[in-house]
Amino acid sequence: MRHAHRVLSLVVGLAVRDGRLTRNPPVGVPLPRTVRGEQIFLSYAQVDDPAAAAGRDRLAILFLAYTGVRYGEMAALRVRNLNLLRRRALIAEAVADVNGHGVFGTPKTHQRRQVPVPRFLAEELAVHVAGKEPSDFVFAAEQGGVLHLRNFRRNSFDPAVRAAGLDGLTPHALRHTAASLAIISGANVKVVQTMLGHQSATMTLDLYGHLLNDQLDEVADAMDAARAAEASARRPAATVAALPTVRSAGGPVG
C-alpha cells in the first residue's frame, strides 16, 4: 500500500508541476506503519559456515557479509574497482536481473562510494583476481559473464545456507550482518552509513540504532578511564615530608 501510494503521489506531483492539477491529494494521506521483518545478525563463525559450503562462491558470500554491499553491486564489481593495497572497493555500478538479462546502472543512491575490505579478504581477493583483465567481473558466473542472483541462490547460496542450518537467510540479509560486525568493531553511524550506501545517517540509525545500545557500557568505561587519566596528570607530584626533629636527653637527633 505504501509503495502504491508513493507511485501515485509521484505521478500526481508531476501533473501539479506541469500545471494540469492545482494540488497533490495523496500528500498527507495517513498510511499504515512499516513493519520490518526480523533482522538476522550472524557471528563471524556463522558467516564462515555457509561460505565454506558454497564452493566456488565462497568469496562472494564473504564479500557480502564483510562489506555490506547489495547483491547487484557485488555482481557488477569489476577488477579495476578493487584497490587491494588500500583494502578498498569502489562501488560505482550495480546490475539488476530483468527477465534473465543483466541491466546495468548506478547504485541505488546513484552515488559512488568506497567500502573497506578486511585484510584477510583483500589477500584472498588478490589471489582470486590474479590474471584477470581490469574490465572483468570480480565475481563471475561459472561460464563467465554476470553472476545472476537466481542462479547464485539456486546453485550455491541456498544449499549452503541449508547446510549451515540458517534457513531463511538471504543474500540481502548479509547487509545486516556487515552492519552489526562493523558496529561491534567500533564503527560510528556515519561510517556504517557510507559503507552501506544509505542516503542518510537517520536511515542507518533507524535500522541499526538498537545495536549502539550495546556500546553504552564501553562509552561509560572509556569516559571514566579518560577522566582518571586527566586527573592523574593534573595532580602535583608528591613531596617527601621532612622528618621531625626528635629531642632526647643527649641533644637533638636529626
# chains A, B, ... in the order shown; residues from 1 in each chain; ligands from 1
>>> closest_atom_pairs(of="range 92-157 of chain A", to="range 61-78 of chain A", cutoff="9 Å", atoms="only C-alpha atoms", output="tab-separated table")
residue	atom	partner	partner_atom	distance
A:Ala92	CA	A:Leu77	CA	7.9
A:Glu93	CA	A:Ala76	CA	6.0
A:Ala94	CA	A:Glu73	CA	4.3
A:Val95	CA	A:Gly72	CA	4.7
A:Ala96	CA	A:Gly72	CA	6.0
A:Asp97	CA	A:Gly72	CA	8.5
A:Phe104	CA	A:Ala76	CA	7.7
A:Thr106	CA	A:Glu73	CA	8.9
A:Pro107	CA	A:Glu73	CA	6.8
A:Lys108	CA	A:Arg70	CA	9.0
A:Val115	CA	A:Thr67	CA	6.4
A:Pro116	CA	A:Thr67	CA	6.5
A:Val117	CA	A:Thr67	CA	6.4
A:Pro118	CA	A:Tyr66	CA	7.3
A:Leu121	CA	A:Phe63	CA	7.5
A:Glu133	CA	A:Arg78	CA	9.0
A:Pro134	CA	A:Arg78	CA	6.7
A:Ser135	CA	A:Arg78	CA	5.7
A:Asp136	CA	A:Arg78	CA	5.5
A:Phe137	CA	A:Arg78	CA	4.4
A:Val138	CA	A:Arg78	CA	5.4
A:Phe139	CA	A:Ala75	CA	6.1
A:Ala140	CA	A:Ala75	CA	7.2
A:Val146	CA	A:Ala75	CA	6.5
A:Leu147	CA	A:Ala75	CA	5.9
A:His148	CA	A:Ala75	CA	7.5
A:Leu149	CA	A:Tyr71	CA	7.5
A:Phe157	CA	A:Ile61	CA	7.9
>>> atom_distance(atom1="CA of Val129 in chain A", atom2="CA of Ser43 in chain A")
27.0 Å
>>> residues_around(residues="Val29 in chain A", least_positions_apart="2", cutoff="12 Å", atoms="only C-alpha atoms", output="number ranges by chain")
A: 1-2, 5-6, 8-9, 24-27, 31-32
>>> select_by_dssp(residues="range 54-186 of chain A", states="alpha helix (DSSP H)", output="PyMOL selection string")
chain A and resi 58-67+71-75+119-129+149-152+158-163+174-184
>>> closest_residue(among="A:Ala229, A:Leu207, A:Ala164, A:Met195", to="Arg88 in chain A", atoms="only C-alpha atoms")
A:Met195
>>> select_by_dssp(residues="range 103-249 of chain A", states="strand (DSSP E)", output="list of chain:residue names")
A:Val103, A:Phe104, A:Gly105, A:Arg113, A:Gln114, A:Val115, A:Pro116, A:Val246, A:Arg247, A:Ser248
>>> write_last_selection(atoms="all heavy atoms", output="CSV table (one decimal), in the first residue's frame")
chain,number,residue,atom,x,y,z
A,103,VAL,N,20.9,-5.8,-16.4
A,103,VAL,CA,20.7,-4.4,-16.8
A,103,VAL,C,21.5,-3.6,-15.8
A,103,VAL,O,21.3,-3.6,-14.6
A,103,VAL,CB,19.2,-4.0,-16.7
A,103,VAL,CG1,19.1,-2.5,-17.0
A,103,VAL,CG2,18.4,-4.8,-17.6
A,104,PHE,N,22.5,-2.9,-16.3
A,104,PHE,CA,23.5,-2.2,-15.5
A,104,PHE,C,23.0,-0.7,-15.3
A,104,PHE,O,22.4,-0.1,-16.2
A,104,PHE,CB,24.9,-2.2,-16.2
A,104,PHE,CG,25.5,-3.5,-16.1
A,104,PHE,CD1,25.2,-4.5,-17.1
A,104,PHE,CD2,26.4,-3.9,-15.1
A,104,PHE,CE1,25.8,-5.8,-17.0
A,104,PHE,CE2,27.0,-5.1,-15.0
A,104,PHE,CZ,26.7,-6.1,-16.0
A,105,GLY,N,23.4,-0.2,-14.1
A,105,GLY,CA,23.0,1.2,-13.8
A,105,GLY,C,23.9,1.6,-12.6
A,105,GLY,O,24.8,1.0,-12.2
A,113,ARG,N,30.8,5.0,-4.0
A,113,ARG,CA,31.3,5.0,-2.7
A,113,ARG,C,32.4,4.0,-2.5
A,113,ARG,O,32.5,3.0,-3.2
A,113,ARG,CB,30.2,4.7,-1.6
A,113,ARG,CG,29.7,3.3,-1.6
A,113,ARG,CD,28.5,3.2,-0.7
A,113,ARG,NE,28.1,1.8,-0.5
A,113,ARG,CZ,27.4,1.0,-1.3
A,113,ARG,NH1,26.9,1.6,-2.4
A,113,ARG,NH2,27.1,-0.2,-1.0
A,114,GLN,N,33.3,4.3,-1.6
A,114,GLN,CA,34.3,3.3,-1.2
A,114,GLN,C,33.9,2.5,0.0
A,114,GLN,O,33.4,3.0,0.9
A,114,GLN,CB,35.6,4.1,-0.9
A,114,GLN,CG,36.2,5.0,-2.0
A,114,GLN,CD,37.2,4.2,-2.8
A,114,GLN,OE1,37.5,3.0,-2.6
A,114,GLN,NE2,37.7,4.8,-3.9
A,115,VAL,N,34.1,1.2,-0.1
A,115,VAL,CA,33.8,0.4,1.1
A,115,VAL,C,35.1,-0.3,1.5
A,115,VAL,O,36.0,-0.7,0.7
A,115,VAL,CB,32.8,-0.7,0.8
A,115,VAL,CG1,31.4,0.0,0.4
A,115,VAL,CG2,33.2,-1.6,-0.3
A,116,PRO,N,35.3,-0.5,2.8
A,116,PRO,CA,36.5,-1.1,3.3
A,116,PRO,C,36.5,-2.6,3.2
A,116,PRO,O,35.4,-3.2,3.2
A,116,PRO,CB,36.5,-0.7,4.8
A,116,PRO,CG,35.1,-0.6,5.2
A,116,PRO,CD,34.4,0.0,3.9
A,246,VAL,N,63.6,15.1,66.6
A,246,VAL,CA,63.3,14.4,67.9
A,246,VAL,C,64.4,14.8,68.9
A,246,VAL,O,65.5,14.6,68.6
A,246,VAL,CB,63.2,12.9,67.7
A,246,VAL,CG1,62.9,12.2,69.0
A,246,VAL,CG2,62.2,12.6,66.6
A,247,ARG,N,64.0,15.3,70.0
A,247,ARG,CA,65.0,15.7,71.0
A,247,ARG,C,65.0,14.6,72.1
A,247,ARG,O,64.0,14.0,72.4
A,247,ARG,CB,64.5,17.0,71.7
A,247,ARG,CG,64.7,18.2,70.8
A,247,ARG,CD,64.4,19.5,71.6
A,247,ARG,NE,64.6,20.6,70.7
A,247,ARG,CZ,65.7,21.2,70.5
A,247,ARG,NH1,66.8,20.7,71.1
A,247,ARG,NH2,65.8,22.2,69.7
A,248,SER,N,66.2,14.3,72.5
A,248,SER,CA,66.4,13.3,73.6
A,248,SER,C,67.3,14.0,74.6
A,248,SER,O,67.8,15.1,74.5
A,248,SER,CB,67.1,12.1,73.0
A,248,SER,OG,68.4,12.4,72.5
>>> atom_distance(atom1="CA of Gly100 in chain A", atom2="CA of Leu196 in chain A")
26.3 Å
>>> residues_around(residues="Asn83 in chain A", least_positions_apart="2", cutoff="10 Å", atoms="only C-alpha atoms", output="ChimeraX atom specification")
/A:79-81,85-90,114,116-117,122,126
